[in-house]
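*Asks:* Enclosed is the structure file model-v2.cif (mmCIF, C-alpha atoms).
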data_target
#
loop_
_atom_site.label_atom_id
_atom_site.label_comp_id
_atom_site.auth_asym_id
_atom_site.auth_seq_id
_atom_site.Cartn_x
_atom_site.Cartn_y
_atom_site.Cartn_z
CA MET X 1 -107.31 -2.80 175.87
CA GLY X 2 -108.16 0.53 177.53
CA ALA X 3 -105.74 3.41 177.88
CA SER X 4 -105.21 2.83 181.59
CA ALA X 5 -104.57 -0.89 181.04
CA LEU X 6 -102.05 -0.09 178.30
CA VAL X 7 -100.24 2.34 180.60
CA GLN X 8 -100.12 -0.31 183.32
CA ALA X 9 -98.76 -2.88 180.88
CA LEU X 10 -96.06 -0.48 179.66
CA ASN X 11 -95.16 0.48 183.22
CA ALA X 12 -94.67 -3.21 183.99
CA THR X 13 -91.81 -3.23 181.47
CA ARG X 14 -90.05 -0.28 183.12
CA PRO X 15 -87.58 -2.43 185.14
CA LEU X 16 -86.51 -4.13 181.91
CA VAL X 17 -86.16 -0.94 179.87
CA SER X 18 -84.92 1.62 182.40
CA PRO X 19 -82.03 2.16 182.98
CA TRP X 20 -80.77 -0.48 180.52
CA ILE X 21 -82.08 1.30 177.43
CA VAL X 22 -83.43 4.72 178.45
CA SER X 23 -83.65 6.78 181.63
CA ASP X 24 -86.85 6.96 183.66
CA SER X 25 -87.73 10.37 182.28
CA CYS X 26 -87.17 9.18 178.70
CA PHE X 27 -89.23 6.07 179.38
CA ASP X 28 -92.13 8.30 180.40
CA ALA X 29 -91.68 10.54 177.36
CA LEU X 30 -91.31 7.77 174.78
CA ALA X 31 -93.27 4.81 176.09
CA LEU X 32 -96.08 6.48 178.02
CA GLU X 33 -96.53 9.85 176.33
CA TRP X 34 -95.30 8.89 172.82
CA ASP X 35 -93.74 12.35 172.55
CA LEU X 36 -90.82 11.75 170.20
CA VAL X 37 -90.86 15.20 168.59
CA ASN X 38 -90.21 17.15 171.78
CA ASN X 39 -87.69 14.66 173.19
CA PRO X 40 -85.04 14.14 170.48
CA GLU X 41 -82.36 13.46 173.10
CA CYS X 42 -84.41 10.50 174.34
CA VAL X 43 -84.79 9.16 170.80
CA VAL X 44 -81.02 9.38 170.30
CA GLN X 45 -80.43 7.73 173.67
CA ALA X 46 -82.75 4.83 172.81
CA ALA X 47 -81.22 4.44 169.34
CA SER X 48 -77.69 4.46 170.76
CA LYS X 49 -78.53 1.84 173.37
CA ALA X 50 -80.33 -0.36 170.85
CA ALA X 51 -77.39 -0.12 168.44
CA GLY X 52 -74.97 -0.91 171.26
CA TYR X 53 -76.82 -4.03 172.33
CA GLY X 54 -77.21 -5.00 168.68
CA ILE X 55 -73.43 -4.95 168.33
CA VAL X 56 -73.06 -7.08 171.47
CA VAL X 57 -75.40 -9.72 170.02
CA ALA X 58 -73.91 -9.64 166.50
CA ALA X 59 -70.34 -9.88 167.83
CA SER X 60 -71.08 -13.28 169.34
CA ALA X 61 -70.84 -14.74 165.82
CA LEU X 62 -68.38 -12.30 164.24
CA LYS X 63 -65.37 -14.60 164.10
CA LEU X 64 -67.26 -17.85 163.57
CA PRO X 65 -66.64 -17.76 159.77
CA VAL X 66 -62.89 -17.56 160.43
CA ILE X 67 -63.12 -20.41 162.93
CA TYR X 68 -65.13 -22.41 160.38
CA ASN X 69 -62.55 -21.72 157.65
CA ILE X 70 -59.75 -22.92 159.92
CA VAL X 71 -61.60 -26.13 160.86
CA HIS X 72 -62.88 -26.74 157.30
CA THR X 73 -59.49 -26.33 155.64
CA ASN X 74 -57.57 -27.76 158.60
CA SER X 75 -55.20 -24.85 158.07
CA VAL X 76 -54.23 -21.46 159.45
CA ASP X 77 -52.85 -20.26 156.13
CA GLY X 78 -52.54 -16.49 155.95
CA LEU X 79 -53.32 -15.99 159.64
CA SER X 80 -50.86 -13.83 161.56
CA LEU X 81 -50.58 -15.23 165.08
CA SER X 82 -48.99 -11.98 166.24
CA SER X 83 -52.13 -10.15 165.15
CA VAL X 84 -54.30 -12.66 167.00
CA TYR X 85 -52.30 -12.16 170.21
CA LEU X 86 -52.33 -8.37 169.99
CA GLU X 87 -56.01 -8.28 169.12
CA ALA X 88 -56.76 -10.33 172.25
CA LEU X 89 -54.76 -7.84 174.33
CA MET X 90 -56.68 -4.99 172.68
CA TYR X 91 -60.02 -6.51 173.63
CA LEU X 92 -58.77 -7.24 177.14
CA ALA X 93 -57.40 -3.73 177.73
CA SER X 94 -60.59 -2.14 176.41
CA LEU X 95 -62.74 -4.48 178.49
CA VAL X 96 -60.88 -3.80 181.75
CA PHE X 97 -60.90 -0.04 181.04
CA HIS X 98 -64.66 0.11 180.51
CA VAL X 99 -65.42 -2.11 183.52
CA ARG X 100 -63.22 -0.03 185.82
CA ASN X 101 -64.50 3.19 184.29
CA GLY X 102 -68.11 2.19 184.97
CA SER X 103 -69.12 2.49 181.31
CA PRO X 104 -72.56 1.15 180.26
CA VAL X 105 -72.29 -2.48 179.16
CA SER X 106 -73.96 -1.50 175.88
CA THR X 107 -70.73 0.32 174.94
CA TYR X 108 -68.31 -2.58 175.41
CA GLY X 109 -70.17 -5.87 175.96
CA GLU X 110 -68.99 -7.36 172.68
CA LYS X 111 -65.42 -7.41 173.99
CA TYR X 112 -66.31 -10.47 176.10
CA THR X 113 -67.38 -12.62 173.17
CA LEU X 114 -64.71 -11.29 170.80
CA LEU X 115 -62.01 -12.13 173.35
CA ALA X 116 -63.45 -15.63 173.77
CA GLN X 117 -63.52 -16.18 170.01
CA ASN X 118 -59.93 -14.95 169.74
CA LEU X 119 -58.88 -17.50 172.35
CA VAL X 120 -60.55 -20.26 170.29
CA ILE X 121 -58.65 -19.10 167.19
CA THR X 122 -55.44 -19.06 169.24
CA ALA X 123 -56.02 -22.64 170.41
CA LEU X 124 -56.67 -23.78 166.83
CA ALA X 125 -53.59 -21.93 165.58
CA TRP X 126 -51.46 -23.56 168.25
CA ARG X 127 -52.75 -27.02 167.33
CA LEU X 128 -52.57 -26.68 163.55
CA GLY X 129 -49.51 -24.45 163.47
CA GLN X 130 -47.56 -26.91 165.61
CA ARG X 131 -46.34 -24.27 168.02
CA SER X 132 -43.79 -25.53 170.51
CA ALA X 133 -44.61 -26.05 174.18
CA GLN X 134 -42.10 -23.29 174.99
CA HIS X 135 -43.92 -20.84 172.69
CA ARG X 136 -47.27 -21.65 174.32
CA LEU X 137 -45.82 -21.31 177.81
CA LEU X 138 -44.23 -17.94 177.07
CA ALA X 139 -47.40 -16.63 175.41
CA SER X 140 -49.53 -17.80 178.35
CA ALA X 141 -47.14 -16.24 180.87
CA ALA X 142 -47.12 -12.94 178.97
CA ALA X 143 -50.92 -12.94 178.88
CA ALA X 144 -51.11 -13.62 182.63
CA LEU X 145 -48.71 -10.74 183.35
CA ALA X 146 -50.73 -8.43 181.11
CA VAL X 147 -53.97 -9.33 182.91
CA ALA X 148 -52.35 -8.78 186.32
CA ALA X 149 -50.97 -5.39 185.25
CA MET X 150 -54.34 -4.25 183.87
CA VAL X 151 -56.31 -5.31 186.93
CA ALA X 152 -53.79 -4.00 189.48
CA ALA X 153 -53.12 -0.63 187.82
CA PRO X 154 -54.17 2.18 190.17
CA GLU X 155 -55.31 4.40 187.29
CA PRO X 156 -57.34 2.77 184.49
CA ALA X 157 -56.97 5.66 182.03
CA TRP X 158 -53.77 4.21 180.53
CA LEU X 159 -55.71 1.09 179.51
CA ALA X 160 -57.48 3.06 176.78
CA GLY X 161 -54.06 4.08 175.47
CA ALA X 162 -52.93 0.47 175.66
CA ALA X 163 -55.97 -0.56 173.63
CA VAL X 164 -55.06 2.02 170.97
CA ALA X 165 -51.47 0.78 170.84
CA CYS X 166 -52.59 -2.85 170.57
CA ALA X 167 -55.09 -1.90 167.86
CA MET X 168 -52.30 -0.36 165.81
CA ALA X 169 -49.95 -3.27 166.37
CA ALA X 170 -52.59 -5.96 165.87
CA ARG X 171 -53.61 -5.11 162.33
CA VAL X 172 -50.17 -4.24 160.93
CA PRO X 173 -48.72 -7.80 161.03
CA GLN X 174 -51.84 -9.16 159.32
CA LEU X 175 -51.76 -6.46 156.65
CA VAL X 176 -48.07 -7.16 156.02
CA ALA X 177 -48.63 -10.94 155.97
CA ASN X 178 -51.40 -10.57 153.39
CA ALA X 179 -49.24 -8.37 151.19
CA ARG X 180 -46.31 -10.79 151.47
CA ASN X 181 -48.42 -13.92 150.81
CA GLY X 182 -50.44 -12.40 148.00
CA HIS X 183 -53.64 -13.85 149.52
CA THR X 184 -55.67 -13.53 152.74
CA GLY X 185 -55.83 -17.20 153.71
CA VAL X 186 -58.56 -18.26 156.14
CA LEU X 187 -59.75 -14.72 156.86
CA SER X 188 -63.39 -14.00 156.02
CA VAL X 189 -64.64 -11.09 153.88
CA GLY X 190 -68.07 -11.33 155.49
CA SER X 191 -66.69 -11.20 159.02
CA GLN X 192 -64.49 -8.26 158.16
CA ALA X 193 -67.33 -6.33 156.53
CA VAL X 194 -69.46 -6.84 159.64
CA ALA X 195 -66.48 -5.82 161.80
CA VAL X 196 -66.13 -2.55 159.89
CA ALA X 197 -69.84 -1.78 160.21
CA GLY X 198 -69.83 -2.71 163.88
CA ALA X 199 -66.72 -0.63 164.58
CA ALA X 200 -68.36 2.41 162.97
CA VAL X 201 -71.51 2.05 165.07
CA ARG X 202 -69.49 1.31 168.20
CA ALA X 203 -67.44 4.49 167.73
CA ALA X 204 -70.69 6.45 167.52
CA THR X 205 -72.16 4.86 170.67
CA VAL X 206 -68.94 5.40 172.65
CA ALA X 207 -68.83 9.04 171.52
CA PHE X 208 -72.42 9.53 172.73
CA GLU X 209 -72.46 7.47 175.93
CA VAL X 210 -68.89 7.52 177.28
CA ALA X 211 -67.59 10.91 176.11
CA ASN X 212 -63.98 9.90 176.76
CA PRO X 213 -61.48 10.93 174.03
CA ALA X 214 -59.14 8.04 174.77
CA ALA X 215 -61.98 5.52 174.65
CA LEU X 216 -63.18 7.03 171.37
CA ALA X 217 -59.67 6.85 169.90
CA SER X 218 -59.50 3.17 170.86
CA GLU X 219 -62.56 2.59 168.66
CA LEU X 220 -61.72 4.91 165.73
CA LEU X 221 -58.25 3.51 165.06
CA PRO X 222 -59.41 -0.11 164.75
CA LEU X 223 -62.13 1.15 162.41
CA MET X 224 -59.56 2.70 160.04
CA LEU X 225 -57.30 -0.36 160.16
CA ASN X 226 -60.27 -2.69 159.66
CA LEU X 227 -61.14 -0.72 156.52
CA GLY X 228 -57.62 -1.34 155.22
CA LEU X 229 -57.89 -5.06 155.95
CA LEU X 230 -61.32 -5.23 154.28
CA ALA X 231 -59.86 -3.59 151.18
CA GLN X 232 -57.17 -6.29 151.06
CA LEU X 233 -59.72 -9.07 151.48
CA VAL X 234 -61.83 -7.77 148.62
CA ALA X 235 -58.85 -7.11 146.33
CA MET X 236 -57.31 -10.54 146.99
CA ARG X 237 -60.43 -12.73 146.82
CA GLY X 238 -59.42 -14.24 143.49
CA ALA X 239 -55.87 -14.94 144.64
CA THR X 240 -57.14 -16.52 147.86
CA ARG X 241 -59.49 -18.86 145.98
CA ALA X 242 -56.65 -19.82 143.65
CA HIS X 243 -54.37 -20.52 146.63
CA PHE X 244 -56.78 -22.96 148.26
CA ALA X 245 -57.71 -24.56 144.92
CA ALA X 246 -54.03 -25.25 144.26
CA LYS X 247 -53.58 -26.59 147.78
CA LEU X 248 -56.56 -28.94 147.38
CA ALA X 249 -55.28 -30.14 143.98
CA HIS X 250 -51.88 -30.86 145.54
CA LYS X 251 -53.48 -32.97 148.29
CA LYS X 252 -55.36 -35.06 145.74
CA ARG X 253 -52.19 -36.06 143.94
#
Can you give me the file's structure in the form of C-alpha cells?
*Replies:*
Amino acid sequence: MGASALVQALNATRPLVSPWIVSDSCFDALALEWDLVNNPECVVQAASKAAGYGIVVAASALKLPVIYNIVHTNSVDGLSLSSVYLEALMYLASLVFHVRNGSPVSTYGEKYTLLAQNLVITALAWRLGQRSAQHRLLASAAAALAVAAMVAAPEPAWLAGAAVACAMAARVPQLVANARNGHTGVLSVGSQAVAVAGAAVRAATVAFEVANPAALASELLPLMLNLGLLAQLVAMRGATRAHFAAKLAHKKR
C-alpha cells in the first residue's frame, strides 16, 4: 500500500476516532504524521480516552461474580442491602451530573452498567432476603423521588456532592457488616480488586478530562473506601470459606 493510499485509509477512520478518542488536530498529529514526540498532550489525551472506554467495557462484568455467588449459593449472606441502595444512588447521582454537565461519555459511561447490575443484585436480595412488600414499595418510592429530584434540580453541581455523600454512606454499612459477621459473605475479591483498579484509573481520567473538583472528589472517595473493603475481603478470605463450608455441611445433615 502506497503512502497516499495509507493516508486515505487512515482518514476514512477519522469519523470513528475524532472526537470520540482524540481531537482533529491530534488525529492529524498521531495518525497521519506519527509525531508522538512533539505532541505529548495528544498522547495523553488518547491514553486517557482509551483508558476511559476500557473502564466502561470492563465495568459491564464487574459485579457478575457477586451475582453469580448469590445465585450459586442461593444466599445474600454478608451483603448489606443499605450499601446496595446507597451505591445505586451514588451511580445515579454521578450519572445525572455528568450527563447534565456535558462530560465526555468516556468519563462516566460505566455508571450505566454498574447501576443496572446493582438493580439486579437488589432484585435478588429482595427475593432471597424475603423483604416485605412494604419495604419494597418504600424503597421504590424513595428511588423514584430521588430520580425526580436529580433530574428536576435547576443546578446540577450539587449532584456531585450527593455522589460523594452516597459514596461515603454506601461503603460504611458493608464495612461494618463484614466486621460484625467476621466474614465477607457473597462479595467477590476479584470484583473488588478490579473495582479498585478501575476507580484509580477513573479518578485519573476525570481529573484530566473533566477538571471539576467535585467530580474528582466523587471518584477519589470511593477509591479510598474500596481499598478498605478490598483489605477486608483479603483478610477474611479464610473465614468466609469456613462460613460457607459450615453452611453447606449443615444443609447436608
*Asks:* Point out the residue among X:Gly129, X:Gly238, X:Gly190, X:Gly228 with the least atom-to-atom distance to Ile70 in chain X, counting all atoms listed in the file.
*Replies:* X:Gly129
*Asks:* Any chance you could resolve the PyMOL selection byres ((chain X and resi 71) around 12) against this file and give the residues as a PDB file with C-alpha atoms, in the frame of the given file?
*Replies:*
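Output below, filename result-v5.pdb:
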ATOM      1  CA  LEU X  64     -67.260 -17.850 163.570  1.00  0.00           C
ATOM      2  CA  PRO X  65     -66.640 -17.760 159.770  1.00  0.00           C
ATOM      3  CA  VAL X  66     -62.890 -17.560 160.430  1.00  0.00           C
ATOM      4  CA  ILE X  67     -63.120 -20.410 162.930  1.00  0.00           C
ATOM      5  CA  TYR X  68     -65.130 -22.410 160.380  1.00  0.00           C
ATOM      6  CA  ASN X  69     -62.550 -21.720 157.650  1.00  0.00           C
ATOM      7  CA  ILE X  70     -59.750 -22.920 159.920  1.00  0.00           C
ATOM      8  CA  HIS X  72     -62.880 -26.740 157.300  1.00  0.00           C
ATOM      9  CA  THR X  73     -59.490 -26.330 155.640  1.00  0.00           C
ATOM     10  CA  ASN X  74     -57.570 -27.760 158.600  1.00  0.00           C
ATOM     11  CA  SER X  75     -55.200 -24.850 158.070  1.00  0.00           C
ATOM     12  CA  VAL X  76     -54.230 -21.460 159.450  1.00  0.00           C
ATOM     13  CA  ASP X  77     -52.850 -20.260 156.130  1.00  0.00           C
ATOM     14  CA  VAL X 120     -60.550 -20.260 170.290  1.00  0.00           C
ATOM     15  CA  ILE X 121     -58.650 -19.100 167.190  1.00  0.00           C
ATOM     16  CA  ALA X 123     -56.020 -22.640 170.410  1.00  0.00           C
ATOM     17  CA  LEU X 124     -56.670 -23.780 166.830  1.00  0.00           C
ATOM     18  CA  ALA X 125     -53.590 -21.930 165.580  1.00  0.00           C
ATOM     19  CA  ARG X 127     -52.750 -27.020 167.330  1.00  0.00           C
ATOM     20  CA  LEU X 128     -52.570 -26.680 163.550  1.00  0.00           C
ATOM     21  CA  VAL X 186     -58.560 -18.260 156.140  1.00  0.00           C
TER      22      VAL X 186
END
*Asks:* Contacts of Ala193 in chain X at 10 Å or less, counting all atoms listed in the file, minus same-chain residues fewer than 2 places along, as a list in words?
*Replies:* Leu62, Ser188, Val189, Gly190, Ser191, Ala195, Val196, Ala197, Gly198, Ala199, Asn226, Leu227, Leu229, Leu230, Ala231, Leu233 and Val234 of chain X
*Asks:* Work out how far CA of Ala214 in chain X is from CA of Ala160 in chain X, in Å to one decimal.
*Replies:*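 Those two atoms sit 5.6 Å apart.
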*Asks:* At most 12 Å is the cut-off: for each residue in range 143-166 of chain X with any atom that close to an atom of range 80-86 of chain X, write down the nearest atom pair and the distance in Å rounded to one decimal, counting all atoms listed in the file, chain first then increasing number, as a Markdown table.
*Replies:*
| residue | atom | partner | partner_atom | distance |
| --- | --- | --- | --- | --- |
| X:Ala143 | CA | X:Tyr85 | CA | 8.8 |
| X:Ala146 | CA | X:Leu86 | CA | 11.2 |
| X:Ala162 | CA | X:Leu86 | CA | 10.5 |
| X:Ala163 | CA | X:Leu86 | CA | 9.4 |
| X:Val164 | CA | X:Leu86 | CA | 10.8 |
| X:Ala165 | CA | X:Leu86 | CA | 9.2 |
| X:Cys166 | CA | X:Leu86 | CA | 5.6 |
*Asks:* Select all residues near (-68.5, -15.4, 166.5) (cut-off 7 Å, inclusive, file coordinates), counting all atoms listed in the file, and output them as a count of residues only.
*Replies:* 7
*Asks:* Could you make a table, as JSON lines, of the residues of range 109-223 of chain X that have an atom within 12 Å of an atom of range 89-105 of chain X, each with its nearest atom pair and distance in Å to one decimal, counting only C-alpha atoms, in chain and number order?
*Replies:*
{"residue": "X:Gly109", "atom": "CA", "partner": "X:Val105", "partner_atom": "CA", "distance": 5.1}
{"residue": "X:Glu110", "atom": "CA", "partner": "X:Val105", "partner_atom": "CA", "distance": 8.8}
{"residue": "X:Lys111", "atom": "CA", "partner": "X:Tyr91", "partner_atom": "CA", "distance": 5.5}
{"residue": "X:Tyr112", "atom": "CA", "partner": "X:Leu95", "partner_atom": "CA", "distance": 7.4}
{"residue": "X:Thr113", "atom": "CA", "partner": "X:Tyr91", "partner_atom": "CA", "distance": 9.6}
{"residue": "X:Leu114", "atom": "CA", "partner": "X:Tyr91", "partner_atom": "CA", "distance": 7.3}
{"residue": "X:Leu115", "atom": "CA", "partner": "X:Tyr91", "partner_atom": "CA", "distance": 6.0}
{"residue": "X:Ala116", "atom": "CA", "partner": "X:Tyr91", "partner_atom": "CA", "distance": 9.7}
{"residue": "X:Gln117", "atom": "CA", "partner": "X:Tyr91", "partner_atom": "CA", "distance": 10.9}
{"residue": "X:Asn118", "atom": "CA", "partner": "X:Tyr91", "partner_atom": "CA", "distance": 9.3}
{"residue": "X:Leu119", "atom": "CA", "partner": "X:Leu89", "partner_atom": "CA", "distance": 10.7}
{"residue": "X:Ala139", "atom": "CA", "partner": "X:Leu89", "partner_atom": "CA", "distance": 11.5}
{"residue": "X:Ser140", "atom": "CA", "partner": "X:Leu89", "partner_atom": "CA", "distance": 11.9}
{"residue": "X:Ala142", "atom": "CA", "partner": "X:Leu89", "partner_atom": "CA", "distance": 10.3}
{"residue": "X:Ala143", "atom": "CA", "partner": "X:Leu89", "partner_atom": "CA", "distance": 7.8}
{"residue": "X:Ala144", "atom": "CA", "partner": "X:Leu89", "partner_atom": "CA", "distance": 10.8}
{"residue": "X:Leu145", "atom": "CA", "partner": "X:Leu89", "partner_atom": "CA", "distance": 11.2}
{"residue": "X:Ala146", "atom": "CA", "partner": "X:Leu89", "partner_atom": "CA", "distance": 7.9}
{"residue": "X:Val147", "atom": "CA", "partner": "X:Leu92", "partner_atom": "CA", "distance": 7.8}
{"residue": "X:Ala148", "atom": "CA", "partner": "X:Val96", "partner_atom": "CA", "distance": 10.9}
{"residue": "X:Ala149", "atom": "CA", "partner": "X:Ala93", "partner_atom": "CA", "distance": 10.0}
{"residue": "X:Met150", "atom": "CA", "partner": "X:Ala93", "partner_atom": "CA", "distance": 6.9}
{"residue": "X:Val151", "atom": "CA", "partner": "X:Val96", "partner_atom": "CA", "distance": 7.1}
{"residue": "X:Ala152", "atom": "CA", "partner": "X:Val96", "partner_atom": "CA", "distance": 10.5}
{"residue": "X:Ala153", "atom": "CA", "partner": "X:Arg100", "partner_atom": "CA", "distance": 10.3}
{"residue": "X:Pro154", "atom": "CA", "partner": "X:Arg100", "partner_atom": "CA", "distance": 10.3}
{"residue": "X:Glu155", "atom": "CA", "partner": "X:Arg100", "partner_atom": "CA", "distance": 9.2}
{"residue": "X:Pro156", "atom": "CA", "partner": "X:Phe97", "partner_atom": "CA", "distance": 5.7}
{"residue": "X:Ala157", "atom": "CA", "partner": "X:Phe97", "partner_atom": "CA", "distance": 7.0}
{"residue": "X:Trp158", "atom": "CA", "partner": "X:Phe97", "partner_atom": "CA", "distance": 8.3}
{"residue": "X:Leu159", "atom": "CA", "partner": "X:Ala93", "partner_atom": "CA", "distance": 5.4}
{"residue": "X:Ala160", "atom": "CA", "partner": "X:Ser94", "partner_atom": "CA", "distance": 6.1}
{"residue": "X:Gly161", "atom": "CA", "partner": "X:Ala93", "partner_atom": "CA", "distance": 8.8}
{"residue": "X:Ala162", "atom": "CA", "partner": "X:Ala93", "partner_atom": "CA", "distance": 6.5}
{"residue": "X:Ala163", "atom": "CA", "partner": "X:Met90", "partner_atom": "CA", "distance": 4.6}
{"residue": "X:Val164", "atom": "CA", "partner": "X:Met90", "partner_atom": "CA", "distance": 7.4}
{"residue": "X:Ala165", "atom": "CA", "partner": "X:Met90", "partner_atom": "CA", "distance": 8.0}
{"residue": "X:Cys166", "atom": "CA", "partner": "X:Met90", "partner_atom": "CA", "distance": 5.1}
{"residue": "X:Ala167", "atom": "CA", "partner": "X:Met90", "partner_atom": "CA", "distance": 5.9}
{"residue": "X:Met168", "atom": "CA", "partner": "X:Met90", "partner_atom": "CA", "distance": 9.4}
{"residue": "X:Ala169", "atom": "CA", "partner": "X:Met90", "partner_atom": "CA", "distance": 9.4}
{"residue": "X:Ala170", "atom": "CA", "partner": "X:Met90", "partner_atom": "CA", "distance": 8.0}
{"residue": "X:Arg171", "atom": "CA", "partner": "X:Met90", "partner_atom": "CA", "distance": 10.8}
{"residue": "X:Arg202", "atom": "CA", "partner": "X:Val105", "partner_atom": "CA", "distance": 11.9}
{"residue": "X:Thr205", "atom": "CA", "partner": "X:Pro104", "partner_atom": "CA", "distance": 10.3}
{"residue": "X:Val206", "atom": "CA", "partner": "X:Ser103", "partner_atom": "CA", "distance": 9.1}
{"residue": "X:Ala207", "atom": "CA", "partner": "X:Ser103", "partner_atom": "CA", "distance": 11.8}
{"residue": "X:Phe208", "atom": "CA", "partner": "X:Pro104", "partner_atom": "CA", "distance": 11.3}
{"residue": "X:Glu209", "atom": "CA", "partner": "X:Pro104", "partner_atom": "CA", "distance": 7.7}
{"residue": "X:Val210", "atom": "CA", "partner": "X:Ser103", "partner_atom": "CA", "distance": 6.4}
{"residue": "X:Ala211", "atom": "CA", "partner": "X:Ser103", "partner_atom": "CA", "distance": 10.0}
{"residue": "X:Asn212", "atom": "CA", "partner": "X:Asn101", "partner_atom": "CA", "distance": 10.1}
{"residue": "X:Ala214", "atom": "CA", "partner": "X:Phe97", "partner_atom": "CA", "distance": 10.4}
{"residue": "X:Ala215", "atom": "CA", "partner": "X:Ser94", "partner_atom": "CA", "distance": 8.0}
{"residue": "X:Leu216", "atom": "CA", "partner": "X:Ser94", "partner_atom": "CA", "distance": 10.8}
{"residue": "X:Ala217", "atom": "CA", "partner": "X:Ser94", "partner_atom": "CA", "distance": 11.1}
{"residue": "X:Ser218", "atom": "CA", "partner": "X:Ser94", "partner_atom": "CA", "distance": 7.8}
{"residue": "X:Glu219", "atom": "CA", "partner": "X:Ser94", "partner_atom": "CA", "distance": 9.3}
{"residue": "X:Leu221", "atom": "CA", "partner": "X:Met90", "partner_atom": "CA", "distance": 11.5}
{"residue": "X:Pro222", "atom": "CA", "partner": "X:Met90", "partner_atom": "CA", "distance": 9.7}
*Asks:* Could you save those same residues with C-alpha atoms as an mmCIF file, keeping the file's coordinate frame?
*Replies:*
data_model
loop_
_atom_site.group_PDB
_atom_site.id
_atom_site.type_symbol
_atom_site.label_atom_id
_atom_site.label_comp_id
_atom_site.auth_asym_id
_atom_site.auth_seq_id
_atom_site.Cartn_x
_atom_site.Cartn_y
_atom_site.Cartn_z
ATOM 1 C CA GLY X 109 -70.170 -5.870 175.960
ATOM 2 C CA GLU X 110 -68.990 -7.360 172.680
ATOM 3 C CA LYS X 111 -65.420 -7.410 173.990
ATOM 4 C CA TYR X 112 -66.310 -10.470 176.100
ATOM 5 C CA THR X 113 -67.380 -12.620 173.170
ATOM 6 C CA LEU X 114 -64.710 -11.290 170.800
ATOM 7 C CA LEU X 115 -62.010 -12.130 173.350
ATOM 8 C CA ALA X 116 -63.450 -15.630 173.770
ATOM 9 C CA GLN X 117 -63.520 -16.180 170.010
ATOM 10 C CA ASN X 118 -59.930 -14.950 169.740
ATOM 11 C CA LEU X 119 -58.880 -17.500 172.350
ATOM 12 C CA ALA X 139 -47.400 -16.630 175.410
ATOM 13 C CA SER X 140 -49.530 -17.800 178.350
ATOM 14 C CA ALA X 142 -47.120 -12.940 178.970
ATOM 15 C CA ALA X 143 -50.920 -12.940 178.880
ATOM 16 C CA ALA X 144 -51.110 -13.620 182.630
ATOM 17 C CA LEU X 145 -48.710 -10.740 183.350
ATOM 18 C CA ALA X 146 -50.730 -8.430 181.110
ATOM 19 C CA VAL X 147 -53.970 -9.330 182.910
ATOM 20 C CA ALA X 148 -52.350 -8.780 186.320
ATOM 21 C CA ALA X 149 -50.970 -5.390 185.250
ATOM 22 C CA MET X 150 -54.340 -4.250 183.870
ATOM 23 C CA VAL X 151 -56.310 -5.310 186.930
ATOM 24 C CA ALA X 152 -53.790 -4.000 189.480
ATOM 25 C CA ALA X 153 -53.120 -0.630 187.820
ATOM 26 C CA PRO X 154 -54.170 2.180 190.170
ATOM 27 C CA GLU X 155 -55.310 4.400 187.290
ATOM 28 C CA PRO X 156 -57.340 2.770 184.490
ATOM 29 C CA ALA X 157 -56.970 5.660 182.030
ATOM 30 C CA TRP X 158 -53.770 4.210 180.530
ATOM 31 C CA LEU X 159 -55.710 1.090 179.510
ATOM 32 C CA ALA X 160 -57.480 3.060 176.780
ATOM 33 C CA GLY X 161 -54.060 4.080 175.470
ATOM 34 C CA ALA X 162 -52.930 0.470 175.660
ATOM 35 C CA ALA X 163 -55.970 -0.560 173.630
ATOM 36 C CA VAL X 164 -55.060 2.020 170.970
ATOM 37 C CA ALA X 165 -51.470 0.780 170.840
ATOM 38 C CA CYS X 166 -52.590 -2.850 170.570
ATOM 39 C CA ALA X 167 -55.090 -1.900 167.860
ATOM 40 C CA MET X 168 -52.300 -0.360 165.810
ATOM 41 C CA ALA X 169 -49.950 -3.270 166.370
ATOM 42 C CA ALA X 170 -52.590 -5.960 165.870
ATOM 43 C CA ARG X 171 -53.610 -5.110 162.330
ATOM 44 C CA ARG X 202 -69.490 1.310 168.200
ATOM 45 C CA THR X 205 -72.160 4.860 170.670
ATOM 46 C CA VAL X 206 -68.940 5.400 172.650
ATOM 47 C CA ALA X 207 -68.830 9.040 171.520
ATOM 48 C CA PHE X 208 -72.420 9.530 172.730
ATOM 49 C CA GLU X 209 -72.460 7.470 175.930
ATOM 50 C CA VAL X 210 -68.890 7.520 177.280
ATOM 51 C CA ALA X 211 -67.590 10.910 176.110
ATOM 52 C CA ASN X 212 -63.980 9.900 176.760
ATOM 53 C CA ALA X 214 -59.140 8.040 174.770
ATOM 54 C CA ALA X 215 -61.980 5.520 174.650
ATOM 55 C CA LEU X 216 -63.180 7.030 171.370
ATOM 56 C CA ALA X 217 -59.670 6.850 169.900
ATOM 57 C CA SER X 218 -59.500 3.170 170.860
ATOM 58 C CA GLU X 219 -62.560 2.590 168.660
ATOM 59 C CA LEU X 221 -58.250 3.510 165.060
ATOM 60 C CA PRO X 222 -59.410 -0.110 164.750
#
*Asks:* X:Ala31, X:Leu187, X:Ala204, X:Leu175: which is nearest Lys49 in chain X, counting all atoms listed in the file?
*Replies:*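 Closest to Lys49 in chain X, using all atoms listed in the file: X:Ala204.
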*Asks:* May I ask for the distance between CA of Ser48 in chain X and CA of Met224 in chain X, given in Å to one decimal place?
*Replies:* 21.1 Å
*Asks:* Of the candidates X:Val56, X:Ala245, X:Val22, X:Val172, which shows the shortest atom-to-atom distance to Glu87 in chain X, using only C-alpha atoms?
*Replies:*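 That would be X:Val172, the residue with the smallest distance to Glu87 in chain X.
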*Asks:* What does the distance from CA of Phe244 in chain X to CA of Arg131 in chain X come to in Å, to one decimal?
*Replies:*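 Separation between CA of Phe244 in chain X and CA of Arg131 in chain X: 22.4 Å.
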*Asks:* In terms of the shortest atom-to-atom distance over all atoms listed in the file, which of X:Gln192, X:Val201, X:Val44, X:Ala133 is closest to Tyr108 in chain X?
*Replies:*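 Using all atoms listed in the file, the shortest distance to Tyr108 in chain X belongs to X:Val201.
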*Asks:* For a quick check of understanding, using all atoms listed in the file, which of X:Asn178, X:Thr240, X:Thr107, X:Ser132 has the smallest distance to Ala50 in chain X?
*Replies:*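 Ranking X:Asn178, X:Thr240, X:Thr107, X:Ser132 by distance to Ala50 in chain X, first place goes to X:Thr107.
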*Asks:* Could you tell me which residues the PyMOL selection byres ((chain X and resi 43) around 12) returns for this structure, as a PyMOL selection string?
*Replies:* chain X and resi 21-23+25-27+29-31+34-42+44-50
